[in-house]
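Enquirer: Let me begin by handing over the structure; questions about it come next.
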Amino acid sequence: MPPGYHGCYLRIDASNGQAERVPLADDLLRRYLGGSGLGTRLLLDEGGARADPLSPDAPIVFAFSPLVGTALTTSAKFAVVSRSPLTDRINDALAGSGFAIAGKRCGCDAIVIVGHAKQLSVLVIDDGKVSLHPAEELHGESCSATEEKLRASLGSDYRIASIGPAGERGVRYATISHDGRHAGRGGSGAVLGSKHIKAVAVRGTHRCDWAHPRELAELSRDLSARSFGPATAKYRELGTATNLLTLNRFGALPTRNFQRGTFDEAPALSPAGLSAQYSRVRASCVACTIGCEHIYEIAARTLSGPRDTGVRVEYESLFALGPLCGVGDSGAVLRASRLCDELGIDTISAGGTIAFAMECVERGLLDEDWLTFGSGNAVHKAIDLIARREGIGDLLADGSRRAAAAIGHGSLAFAPQVKGLEIAGYEPRALQTMALGFAVGTRGADHNRSGAYEVDFSDKVDRRHATLDSVRHAIETEDRSALMDSLILCKFLRGVFTDFYGEAAGMLRLVTGWDVDATELRETARRIIAAKQEFNLLAGWTPEEDTLPQRFLDTPLPGDPTAVLTSDNLRALVAEYHRQRGWTTHE
């Protein structure tokens with residue numbers, strides 16, 4: 001096996017606790033690397049595209065990478081790959097944490113779980129030895145409480161990935177969490193919950209060798225030093241919450257279910273506004289030198305009752321639970337974010353689905369008078385109901401697309417989703433290269449698999465009028481993201497590299513000894529995206545899915561008559577994207 005790898009994956013049947021080590025060929029590892037790439041390949045090989053995502057037959061993959069365990073900054077990340085119960089398409093969600101290091105030390109490059117445990121269980125992998133432990137006493141526990149109790153019973157050296165009550169009850173956008181970080185989008189928590197797995201606990205002693213350890217250590221020191229530079233300064237000093245005022249200034253901050261692009265109360269949710277009201281500390285992921293986490297202390301109700309608690313604040317959570325729902329009360333927004341973390345719910349899909357329901361109430365399509373824009377209490381109540389699947393929460397737990405199908409009356413036109421995945425915090429009419437990225441994304445409307453918003457904020461395009469030339473820029477950001485998610489490296493490093501593919505090839509050579517170069521890695525990135533598309537085709541994808549809801553087409557963004565995305569232009573952009581990807585034969 002090449003250095004940096006163990007050369008196998010651990011395949012576990014949750015129905016009986018049986019496990020086997022399945023060899024991984026060197027060629028396959030080189031072609032798909034790790035993380036999202038390797039996870040997608042294994043999911044395809046396991047038949048995941050044709051299995052109902054919540055059925056016992058459905059596989060879920062925890063995939064590591066060749067860089068995990070090195071001193072390279074931000075490399076301690078893992079990918080969770082499955083068919084999404086929210087979209088029925090590919091879902092690859094990533095998290096940075098010690099789980100990645102401990103999981104790889106179990107002596108495998110990935111963990112594949114199939115089957116269905118007979119009762120709620122904890123899957124324990126101790127140095128590669130697998131056992132299932134009954135976990136009924138953890139039923140209904142929050143993610144943080146689950147991890148705390150399992151560390152106390154199993155040992156503090158275990159690293160634990162867990163689901164909250166939402167995952168147990170099959171909320172279609174439930175998360176998998178570890179140490180306050182989340183594999184958040186697409187419902188991987190519901191997939192694990194459908195297998196009656198409350199948590200996966202790992203520890204191990206198997207370490208990988210590196211092909212050129214001395215040179216790798218030198219490169220790691222250099223990359224760490226560069227990670228303290230201006231390219232990451234805003235993440236260190238302010239966190240991603242600083243994006244809120246920037247997008248508001250550009251008229252691209254989604255507000256009241258995308259009915260507007262600006263929010264008058266945005267300053268209260270900015271880093272300056274939050275810091276004036278709450279104490280703040282900074283933290284870092286494991287093996288990260290950037291330190292982008294900004295944790296604010298608030299008095300918040302947890303599943304155990306009221307207490308002071310820390311809330312990790314990110315732009316996407318602020319936008320989704322704040323402006324998107326018309327809520328400007330910073331305390332209410334932070335408490336909503338904390339509640340989602342405790343219950344194991346994706347904040348973007350929660351906010352998008354609640355905002356959609358608020359507009360349905362506003363239009364008289366839902367008889368829930370309490371569920372109104374601007375009410376923080378309404379957001380909290382809705383999150384509780386979603387996690388319990390009670391009342392209107394049972395409908396909203398299935399996401400905005402399924403809710404719209406049940407509500408009818410043309411509500412699908414303003415349900416904020418693509419392929420069923422709720423749209424992230426970028427107004428498509430004001431950022432039209434990003435609109436293309438949302439429309440064609442293999443896992444739906446996602447800002448982490450397409451960085452096209454960066455293009456919109458550059459001088460490469462007219463952000464309010466995308467042309468066919470915008471397509472190649474969108475593809476470039478998508479390719480880069482695919483490679484970063486497979487190596488795995490944090491996206492916040494992207495501005496540190498002057499020649500990303502060349503530098504990534506250098507890292508991989510020092511780790512594995514392969515004579516890889518930038519050209520090969522560009523081909524690898526495209527191969528990984530093609531594998532995701534292959535999965536979607538097998539799962540039922542059609543070209544008509546690559547579009548946006550009618551709300552965003554042919555009508556100006558209120559307050560900005562220059563921001564118009566026509567149906568014809570979007571169709572032309574998507575067709576050109578398919579052509580450049582070589583997917584025109586699928587139409």
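Chain identifiers are assigned as A, B, and so on, following the order in which chains appear in the structure tokens; residues are numbered from 1 within each chain, and ligands are numbered from 1 in order of appearance.
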Excluding range 91-94 of chain A and residues on its chain fewer than 4 positions from it, collect all residues at most 8 Å away from it, counting only C-alpha atoms, and give them as a PyMOL selection string.
Expert: chain A and resi 36+39-40+77-84+182-186+188+443+485
Enquirer: Let me see the file: selected residues, N, CA, C and O atoms, as an mmCIF file, in the first residue's frame.
Expert:
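File part-v2.cif, as written:
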```cif
data_model
loop_
_atom_site.group_PDB
_atom_site.id
_atom_site.type_symbol
_atom_site.label_atom_id
_atom_site.label_comp_id
_atom_site.auth_asym_id
_atom_site.auth_seq_id
_atom_site.Cartn_x
_atom_site.Cartn_y
_atom_site.Cartn_z
ATOM 1 N N SER A 36 -14.477 12.906 0.165
ATOM 2 C CA SER A 36 -15.642 12.845 -0.714
ATOM 3 C C SER A 36 -15.411 11.960 -1.927
ATOM 4 O O SER A 36 -16.328 11.258 -2.376
ATOM 5 N N GLY A 39 -15.254 8.281 -0.708
ATOM 6 C CA GLY A 39 -16.580 7.951 -0.196
ATOM 7 C C GLY A 39 -17.595 7.751 -1.305
ATOM 8 O O GLY A 39 -18.417 6.818 -1.254
ATOM 9 N N THR A 40 -17.554 8.600 -2.322
ATOM 10 C CA THR A 40 -18.474 8.457 -3.455
ATOM 11 C C THR A 40 -18.222 7.159 -4.205
ATOM 12 O O THR A 40 -19.152 6.442 -4.583
ATOM 13 N N LYS A 77 -9.921 16.090 9.062
ATOM 14 C CA LYS A 77 -11.317 16.158 8.646
ATOM 15 C C LYS A 77 -11.748 14.797 8.094
ATOM 16 O O LYS A 77 -10.921 14.028 7.612
ATOM 17 N N PHE A 78 -13.052 14.536 8.173
ATOM 18 C CA PHE A 78 -13.591 13.310 7.590
ATOM 19 C C PHE A 78 -14.845 13.655 6.805
ATOM 20 O O PHE A 78 -15.481 14.693 7.026
ATOM 21 N N ALA A 79 -15.195 12.794 5.869
ATOM 22 C CA ALA A 79 -16.397 12.966 5.067
ATOM 23 C C ALA A 79 -17.387 11.868 5.404
ATOM 24 O O ALA A 79 -17.005 10.715 5.620
ATOM 25 N N VAL A 80 -18.672 12.228 5.460
ATOM 26 C CA VAL A 80 -19.752 11.257 5.596
ATOM 27 C C VAL A 80 -20.525 11.284 4.286
ATOM 28 O O VAL A 80 -21.037 12.332 3.879
ATOM 29 N N VAL A 81 -20.597 10.141 3.601
ATOM 30 C CA VAL A 81 -21.175 10.093 2.255
ATOM 31 C C VAL A 81 -22.299 9.057 2.245
ATOM 32 O O VAL A 81 -22.132 7.927 2.691
ATOM 33 N N SER A 82 -23.444 9.474 1.722
ATOM 34 C CA SER A 82 -24.602 8.581 1.647
ATOM 35 C C SER A 82 -25.569 9.137 0.605
ATOM 36 O O SER A 82 -25.386 10.238 0.083
ATOM 37 N N ARG A 83 -26.592 8.363 0.322
ATOM 38 C CA ARG A 83 -27.714 8.913 -0.433
ATOM 39 C C ARG A 83 -28.551 9.736 0.541
ATOM 40 O O ARG A 83 -28.887 9.275 1.636
ATOM 41 N N SER A 84 -28.876 10.953 0.144
ATOM 42 C CA SER A 84 -29.566 11.859 1.049
ATOM 43 C C SER A 84 -31.044 11.522 1.163
ATOM 44 O O SER A 84 -31.733 11.396 0.148
ATOM 45 N N HIS A 182 -20.138 19.654 12.875
ATOM 46 C CA HIS A 182 -21.241 18.893 12.302
ATOM 47 C C HIS A 182 -20.993 18.529 10.836
ATOM 48 O O HIS A 182 -20.603 19.384 10.045
ATOM 49 N N ALA A 183 -21.224 17.252 10.504
ATOM 50 C CA ALA A 183 -21.445 16.864 9.111
ATOM 51 C C ALA A 183 -22.909 17.192 8.880
ATOM 52 O O ALA A 183 -23.795 16.392 9.164
ATOM 53 N N GLY A 184 -23.162 18.412 8.409
ATOM 54 C CA GLY A 184 -24.446 19.027 8.635
ATOM 55 C C GLY A 184 -25.516 18.866 7.586
ATOM 56 O O GLY A 184 -26.690 18.732 7.916
ATOM 57 N N ARG A 185 -25.160 18.902 6.322
ATOM 58 C CA ARG A 185 -26.193 19.045 5.308
ATOM 59 C C ARG A 185 -26.661 17.685 4.770
ATOM 60 O O ARG A 185 -25.920 16.714 4.759
ATOM 61 N N GLY A 186 -27.917 17.641 4.335
ATOM 62 C CA GLY A 186 -28.392 16.510 3.568
ATOM 63 C C GLY A 186 -28.963 15.346 4.331
ATOM 64 O O GLY A 186 -29.458 14.399 3.736
ATOM 65 N N SER A 188 -27.467 13.134 6.840
ATOM 66 C CA SER A 188 -26.713 11.930 7.185
ATOM 67 C C SER A 188 -27.073 11.432 8.586
ATOM 68 O O SER A 188 -26.987 10.227 8.863
ATOM 69 N N ARG A 443 -25.291 17.880 -5.018
ATOM 70 C CA ARG A 443 -26.056 17.630 -3.794
ATOM 71 C C ARG A 443 -27.116 18.695 -3.549
ATOM 72 O O ARG A 443 -27.750 18.724 -2.505
ATOM 73 N N ASP A 485 -12.064 18.646 -0.805
ATOM 74 C CA ASP A 485 -12.912 17.763 0.000
ATOM 75 C C ASP A 485 -12.474 16.311 -0.064
ATOM 76 O O ASP A 485 -13.001 15.472 0.680
#
```
Enquirer: Do you know which residues are at most 8 Å from range 276-287 of chain A counting only C-alpha atoms, after dropping those on the same chain fewer than 5 positions away, and could you put them as a PDB file with all heavy atoms, in the first residue's frame?
Expert:
```
ATOM      1  N   ALA A  71       1.001  16.599   9.913  1.00  0.00           N
ATOM      2  CA  ALA A  71       1.013  17.891  10.606  1.00  0.00           C
ATOM      3  C   ALA A  71       0.474  19.012   9.726  1.00  0.00           C
ATOM      4  O   ALA A  71       0.508  20.177  10.132  1.00  0.00           O
ATOM      5  CB  ALA A  71       2.439  18.215  11.054  1.00  0.00           C
ATOM      6  N   LEU A  72      -0.020  18.681   8.542  1.00  0.00           N
ATOM      7  CA  LEU A  72      -0.550  19.714   7.653  1.00  0.00           C
ATOM      8  C   LEU A  72      -1.779  20.354   8.280  1.00  0.00           C
ATOM      9  O   LEU A  72      -2.727  19.667   8.671  1.00  0.00           O
ATOM     10  CB  LEU A  72      -0.907  19.105   6.298  1.00  0.00           C
ATOM     11  CG  LEU A  72       0.277  18.685   5.437  1.00  0.00           C
ATOM     12  CD1 LEU A  72      -0.173  17.761   4.306  1.00  0.00           C
ATOM     13  CD2 LEU A  72       0.992  19.918   4.874  1.00  0.00           C
ATOM     14  N   THR A  73      -1.780  21.669   8.368  1.00  0.00           N
ATOM     15  CA  THR A  73      -2.874  22.363   9.029  1.00  0.00           C
ATOM     16  C   THR A  73      -4.209  22.111   8.327  1.00  0.00           C
ATOM     17  O   THR A  73      -4.262  22.004   7.107  1.00  0.00           O
ATOM     18  CB  THR A  73      -2.590  23.881   9.102  1.00  0.00           C
ATOM     19  OG1 THR A  73      -3.628  24.508   9.883  1.00  0.00           O
ATOM     20  CG2 THR A  73      -2.549  24.528   7.729  1.00  0.00           C
ATOM     21  N   THR A  74      -5.263  21.957   9.094  1.00  0.00           N
ATOM     22  CA  THR A  74      -6.661  21.738   8.684  1.00  0.00           C
ATOM     23  C   THR A  74      -6.914  20.348   8.106  1.00  0.00           C
ATOM     24  O   THR A  74      -7.983  20.098   7.565  1.00  0.00           O
ATOM     25  CB  THR A  74      -7.181  22.795   7.688  1.00  0.00           C
ATOM     26  OG1 THR A  74      -6.725  22.514   6.362  1.00  0.00           O
ATOM     27  CG2 THR A  74      -6.801  24.211   8.090  1.00  0.00           C
ATOM     28  N   SER A  75      -5.969  19.412   8.236  1.00  0.00           N
ATOM     29  CA  SER A  75      -6.121  18.112   7.571  1.00  0.00           C
ATOM     30  C   SER A  75      -6.926  17.106   8.399  1.00  0.00           C
ATOM     31  O   SER A  75      -7.214  16.013   7.906  1.00  0.00           O
ATOM     32  CB  SER A  75      -4.749  17.510   7.249  1.00  0.00           C
ATOM     33  OG  SER A  75      -4.015  17.268   8.446  1.00  0.00           O
ATOM     34  N   ALA A  76      -7.278  17.441   9.637  1.00  0.00           N
ATOM     35  CA  ALA A  76      -8.012  16.491  10.484  1.00  0.00           C
ATOM     36  C   ALA A  76      -9.514  16.605  10.203  1.00  0.00           C
ATOM     37  O   ALA A  76     -10.282  17.150  10.994  1.00  0.00           O
ATOM     38  CB  ALA A  76      -7.727  16.753  11.960  1.00  0.00           C
ATOM     39  N   GLY A  96     -14.575  18.703  10.654  1.00  0.00           N
ATOM     40  CA  GLY A  96     -13.196  18.698  11.108  1.00  0.00           C
ATOM     41  C   GLY A  96     -13.143  18.379  12.587  1.00  0.00           C
ATOM     42  O   GLY A  96     -13.790  19.044  13.397  1.00  0.00           O
ATOM     43  N   SER A  97     -12.382  17.348  12.964  1.00  0.00           N
ATOM     44  CA  SER A  97     -12.356  16.974  14.377  1.00  0.00           C
ATOM     45  C   SER A  97     -11.370  15.848  14.610  1.00  0.00           C
ATOM     46  O   SER A  97     -10.819  15.261  13.680  1.00  0.00           O
ATOM     47  CB  SER A  97     -13.744  16.501  14.815  1.00  0.00           C
ATOM     48  OG  SER A  97     -14.051  15.266  14.202  1.00  0.00           O
ATOM     49  N   GLY A  98     -11.192  15.514  15.892  1.00  0.00           N
ATOM     50  CA  GLY A  98     -10.337  14.394  16.259  1.00  0.00           C
ATOM     51  C   GLY A  98     -10.892  13.047  15.855  1.00  0.00           C
ATOM     52  O   GLY A  98     -10.156  12.055  15.866  1.00  0.00           O
ATOM     53  N   CYS A 292     -10.905  29.701  13.377  1.00  0.00           N
ATOM     54  CA  CYS A 292     -12.039  30.489  12.882  1.00  0.00           C
ATOM     55  C   CYS A 292     -13.242  30.440  13.813  1.00  0.00           C
ATOM     56  O   CYS A 292     -14.208  31.188  13.618  1.00  0.00           O
ATOM     57  CB  CYS A 292     -12.465  29.998  11.503  1.00  0.00           C
ATOM     58  SG  CYS A 292     -13.304  28.393  11.529  1.00  0.00           S
ATOM     59  N   GLU A 293     -13.235  29.551  14.820  1.00  0.00           N
ATOM     60  CA  GLU A 293     -14.414  29.410  15.669  1.00  0.00           C
ATOM     61  C   GLU A 293     -14.537  30.587  16.624  1.00  0.00           C
ATOM     62  O   GLU A 293     -13.604  30.914  17.362  1.00  0.00           O
ATOM     63  CB  GLU A 293     -14.332  28.116  16.483  1.00  0.00           C
ATOM     64  CG  GLU A 293     -14.511  26.861  15.669  1.00  0.00           C
ATOM     65  CD  GLU A 293     -14.649  25.619  16.543  1.00  0.00           C
ATOM     66  OE1 GLU A 293     -14.374  25.725  17.755  1.00  0.00           O
ATOM     67  OE2 GLU A 293     -15.031  24.573  16.018  1.00  0.00           O
ATOM     68  N   HIS A 294     -15.706  31.203  16.605  1.00  0.00           N
ATOM     69  CA  HIS A 294     -16.005  32.290  17.533  1.00  0.00           C
ATOM     70  C   HIS A 294     -17.216  31.848  18.349  1.00  0.00           C
ATOM     71  O   HIS A 294     -18.309  31.683  17.813  1.00  0.00           O
ATOM     72  CB  HIS A 294     -16.265  33.585  16.776  1.00  0.00           C
ATOM     73  CG  HIS A 294     -15.042  34.112  16.096  1.00  0.00           C
ATOM     74  ND1 HIS A 294     -14.344  35.210  16.551  1.00  0.00           N
ATOM     75  CD2 HIS A 294     -14.346  33.663  15.012  1.00  0.00           C
ATOM     76  CE1 HIS A 294     -13.294  35.431  15.771  1.00  0.00           C
ATOM     77  NE2 HIS A 294     -13.282  34.491  14.826  1.00  0.00           N
ATOM     78  N   ILE A 295     -16.991  31.644  19.632  1.00  0.00           N
ATOM     79  CA  ILE A 295     -18.006  31.074  20.510  1.00  0.00           C
ATOM     80  C   ILE A 295     -18.500  32.149  21.459  1.00  0.00           C
ATOM     81  O   ILE A 295     -17.719  32.755  22.206  1.00  0.00           O
ATOM     82  CB  ILE A 295     -17.434  29.880  21.289  1.00  0.00           C
ATOM     83  CG1 ILE A 295     -16.934  28.805  20.308  1.00  0.00           C
ATOM     84  CG2 ILE A 295     -18.475  29.294  22.234  1.00  0.00           C
ATOM     85  CD1 ILE A 295     -16.161  27.685  20.953  1.00  0.00           C
ATOM     86  N   TYR A 296     -19.806  32.407  21.424  1.00  0.00           N
ATOM     87  CA  TYR A 296     -20.424  33.435  22.248  1.00  0.00           C
ATOM     88  C   TYR A 296     -21.170  32.780  23.406  1.00  0.00           C
ATOM     89  O   TYR A 296     -21.855  31.769  23.227  1.00  0.00           O
ATOM     90  CB  TYR A 296     -21.392  34.273  21.409  1.00  0.00           C
ATOM     91  CG  TYR A 296     -20.699  35.130  20.382  1.00  0.00           C
ATOM     92  CD1 TYR A 296     -20.302  34.598  19.159  1.00  0.00           C
ATOM     93  CD2 TYR A 296     -20.419  36.473  20.622  1.00  0.00           C
ATOM     94  CE1 TYR A 296     -19.652  35.375  18.203  1.00  0.00           C
ATOM     95  CE2 TYR A 296     -19.778  37.260  19.686  1.00  0.00           C
ATOM     96  CZ  TYR A 296     -19.394  36.708  18.472  1.00  0.00           C
ATOM     97  OH  TYR A 296     -18.761  37.482  17.539  1.00  0.00           O
ATOM     98  N   GLU A 297     -21.033  33.375  24.586  1.00  0.00           N
ATOM     99  CA  GLU A 297     -21.692  32.852  25.778  1.00  0.00           C
ATOM    100  C   GLU A 297     -23.054  33.504  25.937  1.00  0.00           C
ATOM    101  O   GLU A 297     -23.161  34.726  25.992  1.00  0.00           O
ATOM    102  CB  GLU A 297     -20.845  33.113  27.026  1.00  0.00           C
ATOM    103  CG  GLU A 297     -19.540  32.336  27.055  1.00  0.00           C
ATOM    104  CD  GLU A 297     -19.765  30.835  27.168  1.00  0.00           C
ATOM    105  OE1 GLU A 297     -20.725  30.437  27.838  1.00  0.00           O
ATOM    106  OE2 GLU A 297     -18.977  30.071  26.580  1.00  0.00           O
ATOM    107  N   ILE A 298     -24.101  32.685  26.003  1.00  0.00           N
ATOM    108  CA  ILE A 298     -25.452  33.191  26.196  1.00  0.00           C
ATOM    109  C   ILE A 298     -26.174  32.318  27.211  1.00  0.00           C
ATOM    110  O   ILE A 298     -25.770  31.187  27.473  1.00  0.00           O
ATOM    111  CB  ILE A 298     -26.267  33.209  24.884  1.00  0.00           C
ATOM    112  CG1 ILE A 298     -26.470  31.779  24.360  1.00  0.00           C
ATOM    113  CG2 ILE A 298     -25.632  34.090  23.841  1.00  0.00           C
ATOM    114  CD1 ILE A 298     -27.509  31.672  23.278  1.00  0.00           C
TER     115      ILE A 298
END
```
Enquirer: Might you pull out every residue within 10 Å of range 330-338 of chain A, with only C-alpha atoms counted and same-chain residues fewer than 4 positions away left off, and present them as a PyMOL selection string?
Expert: chain A and resi 180+265-270+273-274+277-278+296-302+309-314+317-323+325+342-348+350-351+375-384
Enquirer: Which residue, A:Gly48, A:Gly187, A:Pro66, A:Gly425, has the smallest gap to Gly7 in chain A when you use only C-alpha atoms?
Expert: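 Among the listed residues, the smallest separation from Gly7 in chain A belongs to A:Pro66.
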